[in-house]
file run_26.pdb (PDB, C-alpha atoms and all ligand atoms)
MODEL        1
ATOM      1  CA  MET N   1      93.460  78.362 141.524
ATOM      2  CA  LEU N   2      94.591  75.759 139.018
ATOM      3  CA  ARG N   3      91.438  73.714 139.587
ATOM      4  CA  HIS N   4      89.280  76.774 138.902
ATOM      5  CA  MET N   5      91.306  77.639 135.815
ATOM      6  CA  ILE N   6      90.917  74.118 134.452
ATOM      7  CA  LEU N   7      87.139  74.171 135.003
ATOM      8  CA  GLU N   8      86.854  77.638 133.487
ATOM      9  CA  THR N   9      89.053  76.837 130.484
ATOM     10  CA  ALA N  10      87.289  73.555 129.731
ATOM     11  CA  GLY N  11      83.927  75.329 130.002
ATOM     12  CA  ILE N  12      82.005  72.073 129.863
ATOM     13  CA  LYS N  13      79.561  70.949 132.516
ATOM     14  CA  GLY N  14      78.541  67.399 133.227
ATOM     15  CA  ARG N  15      81.371  65.794 131.298
ATOM     16  CA  ASP N  16      84.779  64.521 132.311
ATOM     17  CA  ILE N  17      87.735  66.821 131.688
ATOM     18  CA  LEU N  18      91.025  65.212 130.719
ATOM     19  CA  VAL N  19      94.136  67.305 131.450
ATOM     20  CA  GLY N  20      97.530  66.322 130.074
ATOM     21  CA  SER N  21     100.921  67.278 131.462
ATOM     22  CA  LEU N  22     104.001  68.052 129.425
ATOM     23  CA  GLY N  23     107.415  69.280 130.455
ATOM     24  CA  TYR N  24     111.087  68.733 131.132
ATOM     25  CA  PRO N  25     111.989  65.865 133.488
ATOM     26  CA  ASN N  26     112.169  66.654 137.205
ATOM     27  CA  THR N  27     110.311  69.953 137.011
ATOM     28  CA  GLY N  28     107.405  69.029 139.284
ATOM     29  CA  LYS N  29     104.714  67.669 136.931
ATOM     30  CA  SER N  30     103.804  64.761 139.207
ATOM     31  CA  SER N  31     103.942  67.048 142.270
ATOM     32  CA  VAL N  32     101.463  69.482 140.706
ATOM     33  CA  ILE N  33      99.175  66.561 139.886
ATOM     34  CA  ASN N  34      99.341  65.340 143.504
ATOM     35  CA  ALA N  35      98.638  68.844 144.793
ATOM     36  CA  LEU N  36      95.581  69.069 142.568
ATOM     37  CA  ALA N  37      94.393  65.593 143.498
ATOM     38  CA  GLY N  38      94.962  66.274 147.203
ATOM     39  CA  LYS N  39      96.696  62.899 147.562
ATOM     40  CA  HIS N  40     100.084  61.452 146.706
ATOM     41  CA  LYS N  41      98.836  59.348 143.799
ATOM     42  CA  ALA N  42     101.648  59.991 141.319
ATOM     43  CA  GLY N  43     105.168  58.927 142.276
ATOM     44  CA  THR N  44     107.717  61.726 142.686
ATOM     45  CA  SER N  45     111.471  61.795 143.125
ATOM     46  CA  SER N  46     114.362  64.233 143.153
ATOM     47  CA  ILE N  47     116.003  62.047 140.489
ATOM     48  CA  SER N  48     114.978  63.074 136.971
ATOM     49  CA  GLY N  49     113.171  60.617 134.717
ATOM     50  CA  TYR N  50     111.169  59.082 137.576
ATOM     51  CA  THR N  51     107.771  58.843 135.881
ATOM     52  CA  LYS N  52     108.150  56.080 133.308
ATOM     53  CA  GLY N  53     104.647  55.587 131.912
ATOM     54  CA  VAL N  54     101.349  57.426 131.574
ATOM     55  CA  GLN N  55      99.151  57.405 134.695
ATOM     56  CA  LEU N  56      95.586  58.637 135.014
ATOM     57  CA  VAL N  57      94.826  60.408 138.296
ATOM     58  CA  ASN N  58      91.327  61.372 139.412
ATOM     59  CA  ALA N  59      91.374  64.886 140.886
ATOM     60  CA  GLY N  60      87.641  65.112 141.640
ATOM     61  CA  SER N  61      85.208  67.649 140.095
ATOM     62  CA  ARG N  62      85.256  65.316 137.041
ATOM     63  CA  ILE N  63      88.856  66.310 136.378
ATOM     64  CA  MET N  64      91.177  63.517 135.265
ATOM     65  CA  LEU N  65      94.894  64.290 135.170
ATOM     66  CA  LEU N  66      97.410  62.503 132.966
ATOM     67  CA  ASP N  67     100.856  62.204 134.494
ATOM     68  CA  THR N  68     103.513  61.646 131.847
ATOM     69  CA  PRO N  69     107.280  61.050 131.667
ATOM     70  CA  GLY N  70     109.382  64.192 131.273
ATOM     71  CA  VAL N  71     110.590  65.061 127.805
ATOM     72  CA  ILE N  72     113.473  67.068 126.370
ATOM     73  CA  PRO N  73     112.719  68.823 123.067
ATOM     74  CA  PHE N  74     114.287  67.031 120.110
ATOM     75  CA  GLY N  75     117.594  68.673 119.207
ATOM     76  CA  GLU N  76     117.843  70.578 122.472
ATOM     77  CA  GLU N  77     121.385  70.062 123.561
ATOM     78  CA  ASP N  78     122.139  72.872 125.965
ATOM     79  CA  GLU N  79     123.668  70.825 128.758
ATOM     80  CA  TYR N  80     124.210  73.892 130.934
ATOM     81  CA  ILE N  81     120.460  74.541 131.008
ATOM     82  CA  GLN N  82     119.792  70.839 131.616
ATOM     83  CA  GLY N  83     122.301  70.857 134.454
ATOM     84  CA  ILE N  84     121.140  73.962 136.280
ATOM     85  CA  LEU N  85     117.469  73.020 135.892
ATOM     86  CA  SER N  86     118.237  69.477 137.170
ATOM     87  CA  VAL N  87     116.613  68.101 134.044
ATOM     88  CA  LYS N  88     119.541  65.673 133.787
ATOM     89  CA  ASP N  89     121.625  64.574 136.741
ATOM     90  CA  ALA N  90     125.393  64.936 136.550
ATOM     91  CA  THR N  91     126.012  61.313 135.561
ATOM     92  CA  HIS N  92     123.767  61.711 132.498
ATOM     93  CA  LEU N  93     125.491  64.847 131.209
ATOM     94  CA  LYS N  94     127.976  64.239 128.379
ATOM     95  CA  ASP N  95     130.218  67.127 129.438
ATOM     96  CA  PRO N  96     129.928  67.654 133.213
ATOM     97  CA  VAL N  97     133.239  69.563 133.225
ATOM     98  CA  GLY N  98     131.903  72.087 130.689
ATOM     99  CA  VAL N  99     128.667  72.487 132.664
ATOM    100  CA  ALA N 100     130.504  72.943 135.985
ATOM    101  CA  MET N 101     132.845  75.519 134.387
ATOM    102  CA  LYS N 102     129.851  77.559 133.201
ATOM    103  CA  MET N 103     128.329  77.296 136.679
ATOM    104  CA  ILE N 104     131.579  78.583 138.185
ATOM    105  CA  GLU N 105     131.597  81.485 135.696
ATOM    106  CA  ARG N 106     128.053  82.378 136.700
ATOM    107  CA  PHE N 107     128.887  82.196 140.401
ATOM    108  CA  CYS N 108     131.972  84.361 139.887
ATOM    109  CA  ALA N 109     129.851  86.961 138.078
ATOM    110  CA  GLU N 110     126.932  86.922 140.514
ATOM    111  CA  ASN N 111     128.040  85.684 143.931
ATOM    112  CA  LYS N 112     131.668  84.522 144.085
ATOM    113  CA  THR N 113     131.652  84.539 147.892
ATOM    114  CA  ALA N 114     128.886  81.904 148.035
ATOM    115  CA  LEU N 115     130.981  79.532 145.918
ATOM    116  CA  GLU N 116     134.187  80.291 147.809
ATOM    117  CA  SER N 117     132.726  79.819 151.254
ATOM    118  CA  PHE N 118     130.878  76.629 150.274
ATOM    119  CA  TYR N 119     134.083  74.958 149.036
ATOM    120  CA  HIS N 120     136.523  76.772 151.340
ATOM    121  CA  VAL N 121     138.553  78.202 148.458
ATOM    122  CA  THR N 122     139.693  81.625 147.307
ATOM    123  CA  ILE N 123     139.303  82.286 143.609
ATOM    124  CA  MET N 124     141.591  85.065 142.441
ATOM    125  CA  GLY N 125     141.367  85.658 138.722
ATOM    126  CA  GLN N 126     141.885  82.018 137.689
ATOM    127  CA  ASP N 127     139.932  80.851 134.675
ATOM    128  CA  SER N 128     136.948  78.624 135.386
ATOM    129  CA  TYR N 129     138.871  75.389 134.700
ATOM    130  CA  ASP N 130     141.588  76.285 137.205
ATOM    131  CA  ALA N 131     138.885  77.251 139.717
ATOM    132  CA  LEU N 132     137.330  73.825 139.143
ATOM    133  CA  LEU N 133     140.687  72.170 139.861
ATOM    134  CA  LEU N 134     141.049  74.246 143.021
ATOM    135  CA  ILE N 135     137.621  73.149 144.245
ATOM    136  CA  GLY N 136     138.458  69.543 143.287
ATOM    137  CA  ARG N 137     141.681  69.625 145.293
ATOM    138  CA  GLU N 138     139.978  71.133 148.328
ATOM    139  CA  SER N 139     137.131  68.597 148.090
ATOM    140  CA  ASN N 140     139.562  65.707 147.786
ATOM    141  CA  CYS N 141     138.467  64.718 144.287
ATOM    142  CA  LEU N 142     141.821  63.218 143.398
ATOM    143  CA  LYS N 143     143.127  60.499 141.095
ATOM    144  CA  LYS N 144     145.536  57.832 142.317
ATOM    145  CA  LYS N 145     148.635  59.884 141.510
ATOM    146  CA  GLY N 146     147.290  62.846 143.478
ATOM    147  CA  GLU N 147     146.222  64.939 140.512
ATOM    148  CA  VAL N 148     142.727  66.448 140.563
ATOM    149  CA  ASP N 149     139.967  64.363 138.964
ATOM    150  CA  ASP N 150     138.216  67.134 137.014
ATOM    151  CA  THR N 151     135.166  64.998 136.167
ATOM    152  CA  ARG N 152     134.586  64.039 139.808
ATOM    153  CA  ALA N 153     134.998  67.656 140.870
ATOM    154  CA  ALA N 154     132.492  68.750 138.213
ATOM    155  CA  VAL N 155     129.986  66.054 139.203
ATOM    156  CA  ARG N 156     130.303  67.134 142.813
ATOM    157  CA  ILE N 157     129.571  70.786 142.019
ATOM    158  CA  ILE N 158     126.593  69.880 139.830
ATOM    159  CA  ASN N 159     125.227  67.523 142.526
ATOM    160  CA  ASP N 160     125.642  70.148 145.240
ATOM    161  CA  TRP N 161     123.747  72.616 143.072
ATOM    162  CA  GLN N 162     120.973  70.176 142.120
ATOM    163  CA  LYS N 163     120.475  69.119 145.744
ATOM    164  CA  GLY N 164     120.089  72.762 146.736
ATOM    165  CA  LEU N 165     123.164  72.718 149.006
ATOM    166  CA  LEU N 166     125.123  75.185 146.888
ATOM    167  CA  VAL N 167     123.019  78.314 146.488
ATOM    168  CA  ILE N 168     123.869  81.369 144.402
TER
HETATM  169  N1  LIG N 201     111.689  73.338 145.638
HETATM  170  C1  LIG N 201     110.667  72.759 145.021
HETATM  171  N2  LIG N 201     110.766  71.464 144.748
HETATM  172  C2  LIG N 201     109.724  70.889 144.097
HETATM  173  C3  LIG N 201     108.566  71.611 143.737
HETATM  174  N3  LIG N 201     107.728  70.758 143.094
HETATM  175  C4  LIG N 201     108.357  69.579 143.074
HETATM  176  N4  LIG N 201     109.542  69.641 143.695
HETATM  177  C5  LIG N 201     110.527  68.565 143.876
HETATM  178  O1  LIG N 201     111.132  68.350 142.601
HETATM  179  C6  LIG N 201     111.431  66.960 142.403
HETATM  180  C7  LIG N 201     110.803  66.488 141.107
HETATM  181  O2  LIG N 201     109.398  66.498 141.246
HETATM  182  P1  LIG N 201     108.477  65.539 140.395
HETATM  183  O3  LIG N 201     107.056  65.941 140.672
HETATM  184  O4  LIG N 201     108.851  64.107 140.575
HETATM  185  O5  LIG N 201     108.892  66.020 138.913
HETATM  186  P2  LIG N 201     108.440  65.427 137.500
HETATM  187  O6  LIG N 201     108.364  66.590 136.547
HETATM  188  O7  LIG N 201     107.201  64.600 137.629
HETATM  189  O8  LIG N 201     109.697  64.516 137.140
HETATM  190  P3  LIG N 201     109.808  63.285 136.076
HETATM  191  O9  LIG N 201     108.770  62.290 136.421
HETATM  192  O10 LIG N 201     111.205  62.794 136.303
HETATM  193  O11 LIG N 201     109.653  63.904 134.713
HETATM  194  C8  LIG N 201     110.890  66.244 143.649
HETATM  195  O12 LIG N 201     111.967  66.040 144.535
HETATM  196  C9  LIG N 201     109.882  67.221 144.214
HETATM  197  O13 LIG N 201     109.743  67.077 145.614
HETATM  198  C10 LIG N 201     108.489  72.989 144.067
HETATM  199  O14 LIG N 201     107.517  73.685 143.793
HETATM  200  N5  LIG N 201     109.584  73.498 144.716
HETATM  201 MG    MG N 202     106.920  62.611 137.282
ENDMDL
END
call {"tool": "encode", "arguments": {"input": "run_26.pdb", "output": "C-alpha cells"}}
result
Amino acid sequence: MLRHMILETAGIKGRDILVGSLGYPNTGKSSVINALAGKHKAGTSSISGYTKGVQLVNAGSRIMLLDTPGVIPFGEEDEYIQGILSVKDATHLKDPVGVAMKMIERFCAENKTALESFYHVTIMGQDSYDALLLIGRESNCLKKKGEVDDTRAAVRIINDWQKGLLVI
C-alpha cells in the first residue's frame, strides 16, 4: 500500500523518486524502510537513537528511501511522552522518578490490577511515589542501608514498560 501511495503521490514516470523519513527515535522508521525494500538494509534496534547517519536504500520501482536518525522537536520536553513512547530509554531521561510516577498514576486509573500482579504488590490509596517505593521494595531495588532506591525502581518500571513486559 505504501509503495502504491508513494508512486501515486510522486506522479512522475521514468524518474527516480526520493523519499525522506522523519520522526521520533525508535518509532520504526528503519523498519518501515526495510519492509518497503523487502530486505533488511537499514539497521534496526530496540534501543533508541540507533540510526546515526543518513542512508540511501533502493526499494525498487525507482524508489529511493532515505533512512535518517530520529529527532525530537526542539523545545519538546515532555519526558512522560518520551518515556512511554520509548523515544528515550530510562537512562537518558532526566527525571525517571517523575516519569515512573505518572506511569503508575495512569495504571492506577486504567488497569491497577495489571501493575499489581506484575510487581506482586497491592496498592491501596497510596500516592504514586509511595506506590513506587512499594514496587521498589518488592523488586529489591534497595540502597546499602536497606532503603528503597527510587531511581532504580523507576528505571525498572520504565524498562519493563519499554520492553513490552509490563502491559496496561
Ligand atoms: N511492536 C512493534 N515493534 C516495531 C514495529 N516496527 C518496528 N518495531 C521495533 O521497534 C524498534 C525500533 O525500530 P527501528 O526501525 O530501529 O526504529 P527507528 O525509528 O529507525 O529508530 P532510530 O534509528 O533510533 O531513530 C525495533 O526493535 C523494531 O523491531 C512495529 O510495527 N511494531
Ligand atoms: Mg533507525
call {"tool": "resolve_selection", "arguments": {"input": "run_26.pdb", "expression": "the PyMOL selection byres (((chain N and resi 86) around 8) and not hetatm)", "output": "list of chain:residue names"}}
result
N:Asn26, N:Thr27, N:Ser48, N:Gln82, N:Gly83, N:Ile84, N:Leu85, N:Val87, N:Lys88, N:Asp89, N:Gln162
call {"tool": "resolve_selection", "arguments": {"input": "run_26.pdb", "expression": "the PyMOL selection byres (((chain N and resi 145-152) around 8) and not hetatm)", "output": "list in words"}}
result
Pro96, Val97, Leu132, Leu133, Gly136, Arg137, Asn140, Cys141, Leu142, Lys143, Lys144, Ala153, Ala154, Val155 and Arg156 of chain N
call {"tool": "residues_around", "arguments": {"input": "run_26.pdb", "residues": "Asn34 in chain N", "least_positions_apart": "6", "cutoff": "10 Å", "atoms": "only C-alpha atoms", "output": "PyMOL selection string"}}
result
chain N and resi 28+40-44+57-59+65+67
call {"tool": "residues_near_ligand", "arguments": {"input": "run_26.pdb", "ligand": "ligand LIG 201 (chain N)", "cutoff": "8 Å", "atoms": "only C-alpha atoms and all ligand atoms", "output": "CSV table (one decimal) with C-alpha atoms, in the frame of the given file"}}
result
chain,number,residue,atom,x,y,z
N,23,GLY,CA,107.4,69.3,130.5
N,24,TYR,CA,111.1,68.7,131.1
N,25,PRO,CA,112.0,65.9,133.5
N,26,ASN,CA,112.2,66.7,137.2
N,27,THR,CA,110.3,70.0,137.0
N,28,GLY,CA,107.4,69.0,139.3
N,29,LYS,CA,104.7,67.7,136.9
N,30,SER,CA,103.8,64.8,139.2
N,31,SER,CA,103.9,67.0,142.3
N,32,VAL,CA,101.5,69.5,140.7
N,33,ILE,CA,99.2,66.6,139.9
N,43,GLY,CA,105.2,58.9,142.3
N,44,THR,CA,107.7,61.7,142.7
N,45,SER,CA,111.5,61.8,143.1
N,46,SER,CA,114.4,64.2,143.2
N,47,ILE,CA,116.0,62.0,140.5
N,48,SER,CA,115.0,63.1,137.0
N,49,GLY,CA,113.2,60.6,134.7
N,50,TYR,CA,111.2,59.1,137.6
N,51,THR,CA,107.8,58.8,135.9
N,52,LYS,CA,108.2,56.1,133.3
N,67,ASP,CA,100.9,62.2,134.5
N,68,THR,CA,103.5,61.6,131.8
N,69,PRO,CA,107.3,61.0,131.7
N,70,GLY,CA,109.4,64.2,131.3
N,71,VAL,CA,110.6,65.1,127.8
N,87,VAL,CA,116.6,68.1,134.0
call {"tool": "resolve_selection", "arguments": {"input": "run_26.pdb", "expression": "the PyMOL selection byres (((chain N and resi 16-19) around 10) and not hetatm)", "output": "CSV table (one decimal) with C-alpha atoms, keeping the file's coordinate frame"}}
result
chain,number,residue,atom,x,y,z
N,6,ILE,CA,90.9,74.1,134.5
N,7,LEU,CA,87.1,74.2,135.0
N,10,ALA,CA,87.3,73.6,129.7
N,11,GLY,CA,83.9,75.3,130.0
N,12,ILE,CA,82.0,72.1,129.9
N,13,LYS,CA,79.6,70.9,132.5
N,14,GLY,CA,78.5,67.4,133.2
N,15,ARG,CA,81.4,65.8,131.3
N,20,GLY,CA,97.5,66.3,130.1
N,21,SER,CA,100.9,67.3,131.5
N,33,ILE,CA,99.2,66.6,139.9
N,56,LEU,CA,95.6,58.6,135.0
N,57,VAL,CA,94.8,60.4,138.3
N,58,ASN,CA,91.3,61.4,139.4
N,60,GLY,CA,87.6,65.1,141.6
N,61,SER,CA,85.2,67.6,140.1
N,62,ARG,CA,85.3,65.3,137.0
N,63,ILE,CA,88.9,66.3,136.4
N,64,MET,CA,91.2,63.5,135.3
N,65,LEU,CA,94.9,64.3,135.2
N,66,LEU,CA,97.4,62.5,133.0
N,67,ASP,CA,100.9,62.2,134.5
call {"tool": "closest_residue", "arguments": {"input": "run_26.pdb", "among": "N:Ala131, N:Leu36, N:Cys108, N:Leu22", "to": "ligand MG 202 (chain N)", "atoms": "only C-alpha atoms and all ligand atoms"}}
result
N:Leu22
call {"tool": "atom_distance", "arguments": {"input": "run_26.pdb", "atom1": "CA of Lys94 in chain N", "atom2": "CA of Glu116 in chain N"}}
result
26.0 Å
